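The structure under discussion appears below in the form of structure tokens.
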Amino acid sequence: MSDEILSLIYTFSKKFSDPETNLSFDPKNQNISAVVKKGNVNIYLLVKGQKEDLYINIARLLKNNVEQISGVLSVNVIVNSDVENTKINNNNKRFKIDAKNIVAIASGKGGVGKSTFSVNLATALSYLDLKIGLLDADIYGPSVPRMMGISKKPIMNENKKLVPLENYGIKLMSIGFILDSEAPTIWRGPMVMKALEQMFNGVEWGELDYLIIDLPPGTGDAQLTLAQSSKLSGSIVISTPQDVALTDARKGINMFKKVNVDILGIVENMSYFICDNCNQKHHIFSKDGVKKEAEEFKIPFLGEIPIDTNLRIQSDNGIPALIDNPNGEIAKKFMSIAKNLKKSLD
Ligand SMILES: Nc1ncnc2c1ncn2[C@@H]1O[C@H](COP(=O)(O)OP(=O)(O)OP(=O)(O)O)[C@@H](O)[C@H]1O
Ligand SMILES: [Mg+2]
């Protein structure tokens with residue numbers, strides 16, 4: 001459903017050209033990105049030059065058109081010209097946390113397995129005897145507490161700071177905890193900034209070796225705010241092998257490059273399926289697509305994770321793969337990624 005909406009959005013958007021570059025706003029254009037999550041649409045237009053008024057006009061027309069698509073509940077179009085400024089402000093970090101490394105897990109497209117990866121990477125790192133914090137920063141649909149088997153809400157301590165909840169030795173905080181059920185489906189830049197700041201300065205994290213952040217999909221305010229305001233060690237981009245996911249992953253990579261955030265690597269999720277009957281690997285989508293992309297961008301390829309029914313079932317039940325079956329194939333994949341990541345950041 002989300003994919004159908006996405007393709008209709010691009011049917012409208014490609015009728016418009018970028019006022020600066022004259023290129024059509026088709027899916028390959030780096031200056032537009034669209035994410036659909038549960039019927040809520042977020043479209044980002046990155047403004048390059050001084051023609052903000054022209055972009056705002058396009059944004060308005062896009063919003064009016066996309067609102068007509070059946071199944072769309074809300075449309076938020078953000079025109080952002082902050083990207084260049086982000087570079088300038090790089091030394092002025094207002095999000096404070098005592099973490100040796102901060103790693104953001106990102107994807108261009110929604111539903112590619114970012115949250116599943118974040119939870120299992122955090123678990124793998126904690127198996128290496130590291131102090132791990134996991135921050136669910138997905139403003140459009142926080143899902144990490146459920147995947148971590150946590151249903152309680154955090155309490156505030158005497159310093160008026162939220163105390164992270166803990167399971168499997170990992171400290172967890174979710175942006176969902178500070179949103180009520182009436183959470184806005186339309187987020188403005190300053191609201192994102194405020195909520196994320198609270199996740200850092202307003203939480204009693206203590207001392208951490210790693211803070212793993214599960215970002216919302218796409219290239220939006222949360223990504224830019226974190227690049228601007230926190231000391232990110234870098235980001236890991238998750239993609240599935242399909243072309244649409246790769247096109248969006250490319251946008252994510254380009255955005256992080258623009259704001260000087262290191263890309264620690266790219267991971268291919270749902271790479272292949274091992275058949276129960278014949279025990280063969282079936283590459284349902286194209287083979288090695290993400291690996292080739294990594295070579296092209298000269299960024300590390302961190303590994304591939306197969307489609308695994310248990311991974312999905314255990315996620316739904318709040319049990320990370322490493323806890324469920326520490327010696328299984330999936331657990332080994334995450335352990336190897338965690339060790340490589342640690343090596344690259346030590
Ligand atoms: N390798 C895998 N094998 C089987 N199922 C998977 C795999 N990776 C993720 N899933 C399942 O796919 C669904 C989407 O995964 P997940 O929620 O982690 O994606 P996401 O990128 O965080 O999505 P969103 O953009 O909605 O936040 C979940 O049901 C999850 O259990
Ligand atoms: Mg998610």
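Every chain in the structure tokens takes a letter, A first, then B, and so on in the order presented; its residues are numbered from 1, and the ligands are numbered from 1 following the presented order.
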Under the rule of at most 9 Å, produce a per-residue listing of chain A near ligand 1: chain, number, name, the closest pair of atoms, and the distance in Å, as a Markdown table, using only C-alpha atoms and all ligand atoms.
| residue | atom | partner | partner_atom_place_in_ligand_line | distance |
| --- | --- | --- | --- | --- |
| A:Val35 | CA | ligand 1 | 25 (O) | 8.5 |
| A:Val36 | CA | ligand 1 | 25 (O) | 8.6 |
| A:Lys37 | CA | ligand 1 | 26 (O) | 6.3 |
| A:Lys38 | CA | ligand 1 | 26 (O) | 8.2 |
| A:Ala106 | CA | ligand 1 | 21 (O) | 8.2 |
| A:Ser107 | CA | ligand 1 | 21 (O) | 6.8 |
| A:Gly108 | CA | ligand 1 | 25 (O) | 8.8 |
| A:Lys109 | CA | ligand 1 | 25 (O) | 6.6 |
| A:Gly110 | CA | ligand 1 | 25 (O) | 3.2 |
| A:Gly111 | CA | ligand 1 | 23 (O) | 3.2 |
| A:Val112 | CA | ligand 1 | 21 (O) | 4.0 |
| A:Gly113 | CA | ligand 1 | 19 (O) | 3.2 |
| A:Lys114 | CA | ligand 1 | 21 (O) | 3.8 |
| A:Ser115 | CA | ligand 1 | 22 (O) | 3.7 |
| A:Thr116 | CA | ligand 1 | 18 (O) | 3.7 |
| A:Phe117 | CA | ligand 1 | 18 (O) | 6.4 |
| A:Ser118 | CA | ligand 1 | 18 (O) | 8.0 |
| A:Val119 | CA | ligand 1 | 18 (O) | 8.6 |
| A:Asp138 | CA | ligand 1 | 27 (O) | 6.8 |
| A:Tyr140 | CA | ligand 1 | 27 (O) | 7.8 |
| A:Gly141 | CA | ligand 1 | 27 (O) | 6.4 |
| A:Pro142 | CA | ligand 1 | 27 (O) | 7.1 |
| A:Ser143 | CA | ligand 1 | 17 (O) | 6.9 |
| A:Val144 | CA | ligand 1 | 17 (O) | 8.4 |
| A:Met147 | CA | ligand 1 | 31 (O) | 8.5 |
| A:Asp214 | CA | ligand 1 | 22 (O) | 7.6 |
| A:Leu215 | CA | ligand 1 | 27 (O) | 7.9 |
| A:Pro216 | CA | ligand 1 | 27 (O) | 6.1 |
| A:Pro217 | CA | ligand 1 | 25 (O) | 5.0 |
| A:Gly218 | CA | ligand 1 | 25 (O) | 8.4 |
| A:Ile238 | CA | ligand 1 | 21 (O) | 7.8 |
| A:Ser239 | CA | ligand 1 | 21 (O) | 8.6 |
| A:Asn269 | CA | ligand 1 | 1 (N) | 5.4 |
| A:Met270 | CA | ligand 1 | 1 (N) | 4.5 |
| A:Ser271 | CA | ligand 1 | 1 (N) | 7.6 |
| A:Tyr272 | CA | ligand 1 | 1 (N) | 8.7 |
| A:Phe273 | CA | ligand 1 | 3 (N) | 8.5 |
| A:Glu304 | CA | ligand 1 | 1 (N) | 8.9 |
| A:Ile305 | CA | ligand 1 | 1 (N) | 5.5 |
| A:Pro306 | CA | ligand 1 | 1 (N) | 5.0 |
| A:Ile307 | CA | ligand 1 | 3 (N) | 3.4 |
| A:Asp308 | CA | ligand 1 | 3 (N) | 3.9 |
| A:Thr309 | CA | ligand 1 | 4 (C) | 5.1 |
| A:Asn310 | CA | ligand 1 | 4 (C) | 7.2 |
| A:Leu311 | CA | ligand 1 | 4 (C) | 5.4 |
| A:Arg312 | CA | ligand 1 | 31 (O) | 3.4 |
| A:Ile313 | CA | ligand 1 | 31 (O) | 6.6 |
| A:Gln314 | CA | ligand 1 | 31 (O) | 7.7 |
| A:Ser315 | CA | ligand 1 | 31 (O) | 5.3 |
| A:Asp316 | CA | ligand 1 | 31 (O) | 6.4 |
| A:Ile330 | CA | ligand 1 | 1 (N) | 8.6 |
Please produce a file of the residues just selected, as a PDB file, in the first residue's frame, where the atoms kept are C-alpha atoms.
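Below you can see again.pdb, which holds the result:
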ATOM      1  CA  VAL A  35       8.325   8.571   2.953  1.00  0.00           C
ATOM      2  CA  VAL A  36       4.946   6.977   3.598  1.00  0.00           C
ATOM      3  CA  LYS A  37       4.266   5.451   6.965  1.00  0.00           C
ATOM      4  CA  LYS A  38       0.802   4.238   7.950  1.00  0.00           C
ATOM      5  CA  ALA A 106      19.210   5.118   8.815  1.00  0.00           C
ATOM      6  CA  SER A 107      17.417   4.138   5.641  1.00  0.00           C
ATOM      7  CA  GLY A 108      16.064   5.985   2.666  1.00  0.00           C
ATOM      8  CA  LYS A 109      12.951   3.870   2.455  1.00  0.00           C
ATOM      9  CA  GLY A 110      10.585   2.776   5.237  1.00  0.00           C
ATOM     10  CA  GLY A 111      10.062  -0.825   6.269  1.00  0.00           C
ATOM     11  CA  VAL A 112      13.510  -2.123   5.275  1.00  0.00           C
ATOM     12  CA  GLY A 113      14.375  -3.396   8.755  1.00  0.00           C
ATOM     13  CA  LYS A 114      16.035  -0.432  10.492  1.00  0.00           C
ATOM     14  CA  SER A 115      14.424  -1.097  13.870  1.00  0.00           C
ATOM     15  CA  THR A 116      15.080  -4.837  13.677  1.00  0.00           C
ATOM     16  CA  PHE A 117      18.711  -4.056  12.875  1.00  0.00           C
ATOM     17  CA  SER A 118      19.032  -1.457  15.671  1.00  0.00           C
ATOM     18  CA  VAL A 119      17.705  -3.855  18.308  1.00  0.00           C
ATOM     19  CA  ASP A 138      11.330   7.354  14.991  1.00  0.00           C
ATOM     20  CA  TYR A 140       6.483   8.606  12.810  1.00  0.00           C
ATOM     21  CA  GLY A 141       6.026   5.257  14.517  1.00  0.00           C
ATOM     22  CA  PRO A 142       8.246   4.201  17.396  1.00  0.00           C
ATOM     23  CA  SER A 143       8.512   0.415  17.499  1.00  0.00           C
ATOM     24  CA  VAL A 144      11.688  -0.391  19.441  1.00  0.00           C
ATOM     25  CA  MET A 147      10.857  -5.302  19.821  1.00  0.00           C
ATOM     26  CA  ASP A 214      16.939   4.128  15.316  1.00  0.00           C
ATOM     27  CA  LEU A 215      16.092   7.016  12.987  1.00  0.00           C
ATOM     28  CA  PRO A 216      12.833   7.584  11.149  1.00  0.00           C
ATOM     29  CA  PRO A 217      13.050   6.623   7.463  1.00  0.00           C
ATOM     30  CA  GLY A 218      14.045   9.169   4.849  1.00  0.00           C
ATOM     31  CA  ILE A 238      20.105  -0.207   5.810  1.00  0.00           C
ATOM     32  CA  SER A 239      18.729  -1.148   2.441  1.00  0.00           C
ATOM     33  CA  ASN A 269      18.685  -6.713   4.799  1.00  0.00           C
ATOM     34  CA  MET A 270      16.318  -9.354   3.422  1.00  0.00           C
ATOM     35  CA  SER A 271      19.076 -10.378   0.982  1.00  0.00           C
ATOM     36  CA  TYR A 272      17.941 -13.901   0.337  1.00  0.00           C
ATOM     37  CA  PHE A 273      15.703 -16.637   1.649  1.00  0.00           C
ATOM     38  CA  GLU A 304      23.877  -9.186   4.446  1.00  0.00           C
ATOM     39  CA  ILE A 305      21.027 -10.504   6.563  1.00  0.00           C
ATOM     40  CA  PRO A 306      18.665 -13.065   5.040  1.00  0.00           C
ATOM     41  CA  ILE A 307      14.893 -13.087   5.232  1.00  0.00           C
ATOM     42  CA  ASP A 308      14.239 -15.155   8.324  1.00  0.00           C
ATOM     43  CA  THR A 309      10.786 -15.989   9.586  1.00  0.00           C
ATOM     44  CA  ASN A 310      12.002 -16.384  13.170  1.00  0.00           C
ATOM     45  CA  LEU A 311      13.577 -12.930  13.134  1.00  0.00           C
ATOM     46  CA  ARG A 312      10.187 -11.427  12.375  1.00  0.00           C
ATOM     47  CA  ILE A 313       8.298 -13.587  14.859  1.00  0.00           C
ATOM     48  CA  GLN A 314      10.796 -12.941  17.672  1.00  0.00           C
ATOM     49  CA  SER A 315      10.773  -9.185  16.902  1.00  0.00           C
ATOM     50  CA  ASP A 316       7.006  -9.182  17.293  1.00  0.00           C
ATOM     51  CA  ILE A 330      21.295 -14.701  12.295  1.00  0.00           C
TER      52      ILE A 330
END
Sel. of alpha helix (DSSP H) residues, segment 145-240 of chain A, as JSON, numbers by chain
{"A": [145, 146, 147, 189, 190, 191, 192, 193, 194, 195, 196, 197, 198, 199, 200, 201, 221, 222, 223, 224, 225, 226, 227, 228, 229]}
Write the residues you've just listed into a file as a PDB file, in the first residue's frame, and include N, CA and C atoms for each of them.
ATOM      1  N   PRO A 145      10.514  -0.255  21.650  1.00  0.00           N
ATOM      2  CA  PRO A 145      10.156  -0.859  22.947  1.00  0.00           C
ATOM      3  C   PRO A 145       9.506  -2.225  22.774  1.00  0.00           C
ATOM      4  N   ARG A 146       8.600  -2.334  21.817  1.00  0.00           N
ATOM      5  CA  ARG A 146       7.932  -3.616  21.586  1.00  0.00           C
ATOM      6  C   ARG A 146       8.946  -4.686  21.178  1.00  0.00           C
ATOM      7  N   MET A 147       9.854  -4.318  20.278  1.00  0.00           N
ATOM      8  CA  MET A 147      10.857  -5.302  19.821  1.00  0.00           C
ATOM      9  C   MET A 147      11.821  -5.688  20.942  1.00  0.00           C
ATOM     10  N   GLY A 189      10.134  21.362  11.994  1.00  0.00           N
ATOM     11  CA  GLY A 189      11.533  21.294  12.421  1.00  0.00           C
ATOM     12  C   GLY A 189      11.760  21.547  13.906  1.00  0.00           C
ATOM     13  N   PRO A 190      11.253  22.665  14.471  1.00  0.00           N
ATOM     14  CA  PRO A 190      11.523  22.965  15.883  1.00  0.00           C
ATOM     15  C   PRO A 190      10.948  21.916  16.835  1.00  0.00           C
ATOM     16  N   MET A 191       9.817  21.278  16.450  1.00  0.00           N
ATOM     17  CA  MET A 191       9.241  20.240  17.317  1.00  0.00           C
ATOM     18  C   MET A 191      10.142  19.024  17.352  1.00  0.00           C
ATOM     19  N   VAL A 192      10.692  18.681  16.192  1.00  0.00           N
ATOM     20  CA  VAL A 192      11.603  17.534  16.113  1.00  0.00           C
ATOM     21  C   VAL A 192      12.826  17.825  16.980  1.00  0.00           C
ATOM     22  N   MET A 193      13.332  19.030  16.839  1.00  0.00           N
ATOM     23  CA  MET A 193      14.517  19.458  17.598  1.00  0.00           C
ATOM     24  C   MET A 193      14.264  19.320  19.102  1.00  0.00           C
ATOM     25  N   LYS A 194      13.091  19.803  19.566  1.00  0.00           N
ATOM     26  CA  LYS A 194      12.775  19.801  20.998  1.00  0.00           C
ATOM     27  C   LYS A 194      12.660  18.364  21.539  1.00  0.00           C
ATOM     28  N   ALA A 195      11.939  17.540  20.777  1.00  0.00           N
ATOM     29  CA  ALA A 195      11.735  16.154  21.233  1.00  0.00           C
ATOM     30  C   ALA A 195      13.068  15.404  21.269  1.00  0.00           C
ATOM     31  N   LEU A 196      13.899  15.608  20.265  1.00  0.00           N
ATOM     32  CA  LEU A 196      15.183  14.896  20.244  1.00  0.00           C
ATOM     33  C   LEU A 196      16.111  15.404  21.340  1.00  0.00           C
ATOM     34  N   GLU A 197      16.073  16.705  21.575  1.00  0.00           N
ATOM     35  CA  GLU A 197      16.924  17.263  22.633  1.00  0.00           C
ATOM     36  C   GLU A 197      16.571  16.637  23.980  1.00  0.00           C
ATOM     37  N   GLN A 198      15.268  16.444  24.194  1.00  0.00           N
ATOM     38  CA  GLN A 198      14.819  15.828  25.448  1.00  0.00           C
ATOM     39  C   GLN A 198      15.331  14.395  25.599  1.00  0.00           C
ATOM     40  N   MET A 199      15.485  13.713  24.457  1.00  0.00           N
ATOM     41  CA  MET A 199      15.991  12.327  24.472  1.00  0.00           C
ATOM     42  C   MET A 199      17.474  12.268  24.878  1.00  0.00           C
ATOM     43  N   PHE A 200      18.170  13.377  24.754  1.00  0.00           N
ATOM     44  CA  PHE A 200      19.576  13.433  25.167  1.00  0.00           C
ATOM     45  C   PHE A 200      19.667  14.095  26.541  1.00  0.00           C
ATOM     46  N   ASN A 201      19.406  15.412  26.573  1.00  0.00           N
ATOM     47  CA  ASN A 201      19.636  16.193  27.792  1.00  0.00           C
ATOM     48  C   ASN A 201      18.643  15.856  28.904  1.00  0.00           C
ATOM     49  N   ASP A 221      14.077  16.091   9.009  1.00  0.00           N
ATOM     50  CA  ASP A 221      14.526  16.941  10.106  1.00  0.00           C
ATOM     51  C   ASP A 221      15.279  16.189  11.190  1.00  0.00           C
ATOM     52  N   ALA A 222      14.842  14.953  11.483  1.00  0.00           N
ATOM     53  CA  ALA A 222      15.501  14.221  12.573  1.00  0.00           C
ATOM     54  C   ALA A 222      16.964  13.975  12.203  1.00  0.00           C
ATOM     55  N   GLN A 223      17.201  13.587  10.961  1.00  0.00           N
ATOM     56  CA  GLN A 223      18.570  13.319  10.517  1.00  0.00           C
ATOM     57  C   GLN A 223      19.406  14.591  10.581  1.00  0.00           C
ATOM     58  N   LEU A 224      18.836  15.673  10.063  1.00  0.00           N
ATOM     59  CA  LEU A 224      19.591  16.928  10.032  1.00  0.00           C
ATOM     60  C   LEU A 224      19.852  17.452  11.439  1.00  0.00           C
ATOM     61  N   THR A 225      18.829  17.341  12.305  1.00  0.00           N
ATOM     62  CA  THR A 225      18.988  17.829  13.677  1.00  0.00           C
ATOM     63  C   THR A 225      20.090  17.056  14.395  1.00  0.00           C
ATOM     64  N   LEU A 226      20.089  15.735  14.245  1.00  0.00           N
ATOM     65  CA  LEU A 226      21.113  14.935  14.936  1.00  0.00           C
ATOM     66  C   LEU A 226      22.504  15.248  14.390  1.00  0.00           C
ATOM     67  N   ALA A 227      22.590  15.437  13.083  1.00  0.00           N
ATOM     68  CA  ALA A 227      23.889  15.768  12.492  1.00  0.00           C
ATOM     69  C   ALA A 227      24.379  17.098  13.038  1.00  0.00           C
ATOM     70  N   GLN A 228      23.435  18.006  13.222  1.00  0.00           N
ATOM     71  CA  GLN A 228      23.769  19.361  13.634  1.00  0.00           C
ATOM     72  C   GLN A 228      24.056  19.452  15.128  1.00  0.00           C
ATOM     73  N   SER A 229      23.289  18.724  15.944  1.00  0.00           N
ATOM     74  CA  SER A 229      23.298  18.992  17.378  1.00  0.00           C
ATOM     75  C   SER A 229      23.936  17.926  18.248  1.00  0.00           C
TER      76      SER A 229
END
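For the choices A:Ser336, A:Asn254, A:Asn120, A:Thr11, the atom-to-atom distance to Ile212 of chain A is smallest for A:Asn120 when using only C-alpha atoms.
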Extract, using only C-alpha atoms, all DNA, RNA and protein residues at most 9 Å from Ile253 of chain A, discarding same-chain residues fewer than 2 positions from it, and format them as a list in words.
Ser107, Gly108, Val237, Asp248, Ala249, Arg250, Lys251, Met255, Phe256, Lys257, Lys258, Ile263 and Phe297 of chain A
Could you tell me, as a ChimeraX atom specification, which residues of segment 19-50 of chain A DSSP assigns to strand (DSSP E or B) when given the backbone?
/A:24,32-37,40-46
Saved selection, atoms kept: N, CA and C atoms, as a compact mmCIF listing (two decimals), in the first residue's frame:
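This is the output file result.txt:
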# COMPACT_ATOMS: atom_id res chain seq x y z
N SER A 24 13.77 17.33 -13.21
CA SER A 24 12.43 16.95 -12.76
C SER A 24 12.52 16.33 -11.36
N ILE A 32 14.63 15.60 -3.65
CA ILE A 32 13.29 15.28 -3.13
C ILE A 32 13.36 13.90 -2.49
N SER A 33 12.70 13.77 -1.34
CA SER A 33 12.55 12.42 -0.82
C SER A 33 11.17 12.33 -0.18
N ALA A 34 10.56 11.19 -0.33
CA ALA A 34 9.21 11.01 0.20
C ALA A 34 9.16 9.71 0.99
N VAL A 35 8.47 9.76 2.12
CA VAL A 35 8.32 8.57 2.95
C VAL A 35 6.86 8.44 3.32
N VAL A 36 6.34 7.22 3.21
CA VAL A 36 4.95 6.98 3.60
C VAL A 36 4.96 6.00 4.76
N LYS A 37 4.34 6.38 5.84
CA LYS A 37 4.27 5.45 6.96
C LYS A 37 2.85 5.49 7.52
N ASN A 40 0.60 8.27 6.50
CA ASN A 40 1.11 9.63 6.69
C ASN A 40 2.30 9.86 5.77
N VAL A 41 2.20 10.94 5.01
CA VAL A 41 3.23 11.20 3.99
C VAL A 41 4.11 12.36 4.44
N ASN A 42 5.40 12.17 4.32
CA ASN A 42 6.35 13.26 4.55
C ASN A 42 7.19 13.43 3.31
N ILE A 43 7.18 14.64 2.77
CA ILE A 43 7.97 14.91 1.57
C ILE A 43 8.96 16.02 1.92
N TYR A 44 10.21 15.80 1.58
CA TYR A 44 11.24 16.81 1.84
C TYR A 44 11.74 17.35 0.52
N LEU A 45 11.81 18.67 0.43
CA LEU A 45 12.45 19.29 -0.73
C LEU A 45 13.67 20.03 -0.20
N LEU A 46 14.81 19.71 -0.71
CA LEU A 46 16.01 20.42 -0.27
C LEU A 46 16.27 21.58 -1.22
Suppose you want the space between atom CA of Gly206 of chain A and atom CA of Ala321 of chain A; what is it in Å?
26.2 Å
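Using only C-alpha atoms for every distance, the candidate list A:Val203, A:Ile274, A:Glu295, A:Gly289 yields A:Ile274 as the residue closest to Glu329 of chain A.
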When you look at segment 59-67 of chain A with a cut-off of 7 Å (counting only C-alpha atoms), what residues show up, excluding the ones that are within fewer than 5 positions of it in the same chain? I need them as an mmCIF file with N, CA and C atoms, in the first residue's frame.
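Result went into around-v2.cif, see below:
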data_model
loop_
_atom_site.group_PDB
_atom_site.id
_atom_site.type_symbol
_atom_site.label_atom_id
_atom_site.label_comp_id
_atom_site.auth_asym_id
_atom_site.auth_seq_id
_atom_site.Cartn_x
_atom_site.Cartn_y
_atom_site.Cartn_z
ATOM 1 N N ILE A 9 2.851 9.468 -5.606
ATOM 2 C CA ILE A 9 3.441 10.763 -5.214
ATOM 3 C C ILE A 9 4.441 11.208 -6.281
ATOM 4 N N SER A 13 4.971 14.481 -8.544
ATOM 5 C CA SER A 13 6.132 15.350 -8.318
ATOM 6 C C SER A 13 6.988 15.490 -9.571
ATOM 7 N N VAL A 72 -4.293 8.167 1.826
ATOM 8 C CA VAL A 72 -3.398 9.141 2.468
ATOM 9 C C VAL A 72 -4.147 9.849 3.597
ATOM 10 N N SER A 74 -2.428 12.068 6.008
ATOM 11 C CA SER A 74 -1.893 13.418 6.202
ATOM 12 C C SER A 74 -0.699 13.610 5.275
ATOM 13 N N VAL A 75 -0.474 14.871 4.924
ATOM 14 C CA VAL A 75 0.667 15.176 4.047
ATOM 15 C C VAL A 75 1.433 16.343 4.643
ATOM 16 N N VAL A 77 4.761 18.603 3.811
ATOM 17 C CA VAL A 77 5.855 18.878 2.872
ATOM 18 C C VAL A 77 6.806 19.869 3.548
#
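Comparing the minimum interatomic distances between ligand 2 and each of A:Thr123, A:Asn157, A:Leu135, A:Pro19, counting only C-alpha atoms and all ligand atoms, we find that A:Leu135 sits nearest.
Distances from A:Ile5, A:Phe16, A:Ile175, A:Leu121 to Gln68 of chain A were compared using only C-alpha atoms, and the smallest one belongs to A:Ile5.
Straight-line separation from atom CA of Thr240 of chain A to atom CA of Glu268 of chain A: 5.4 Å.
With atom CA of Glu20 of chain A on one side and atom CA of Asp53 of chain A on the other, the separation reads 11.8 Å.
Closest approach to ligand 2 from the set A:Leu264, A:His282, A:Ile105, A:Lys339 is made by A:Ile105, with distances taken over only C-alpha atoms and all ligand atoms.
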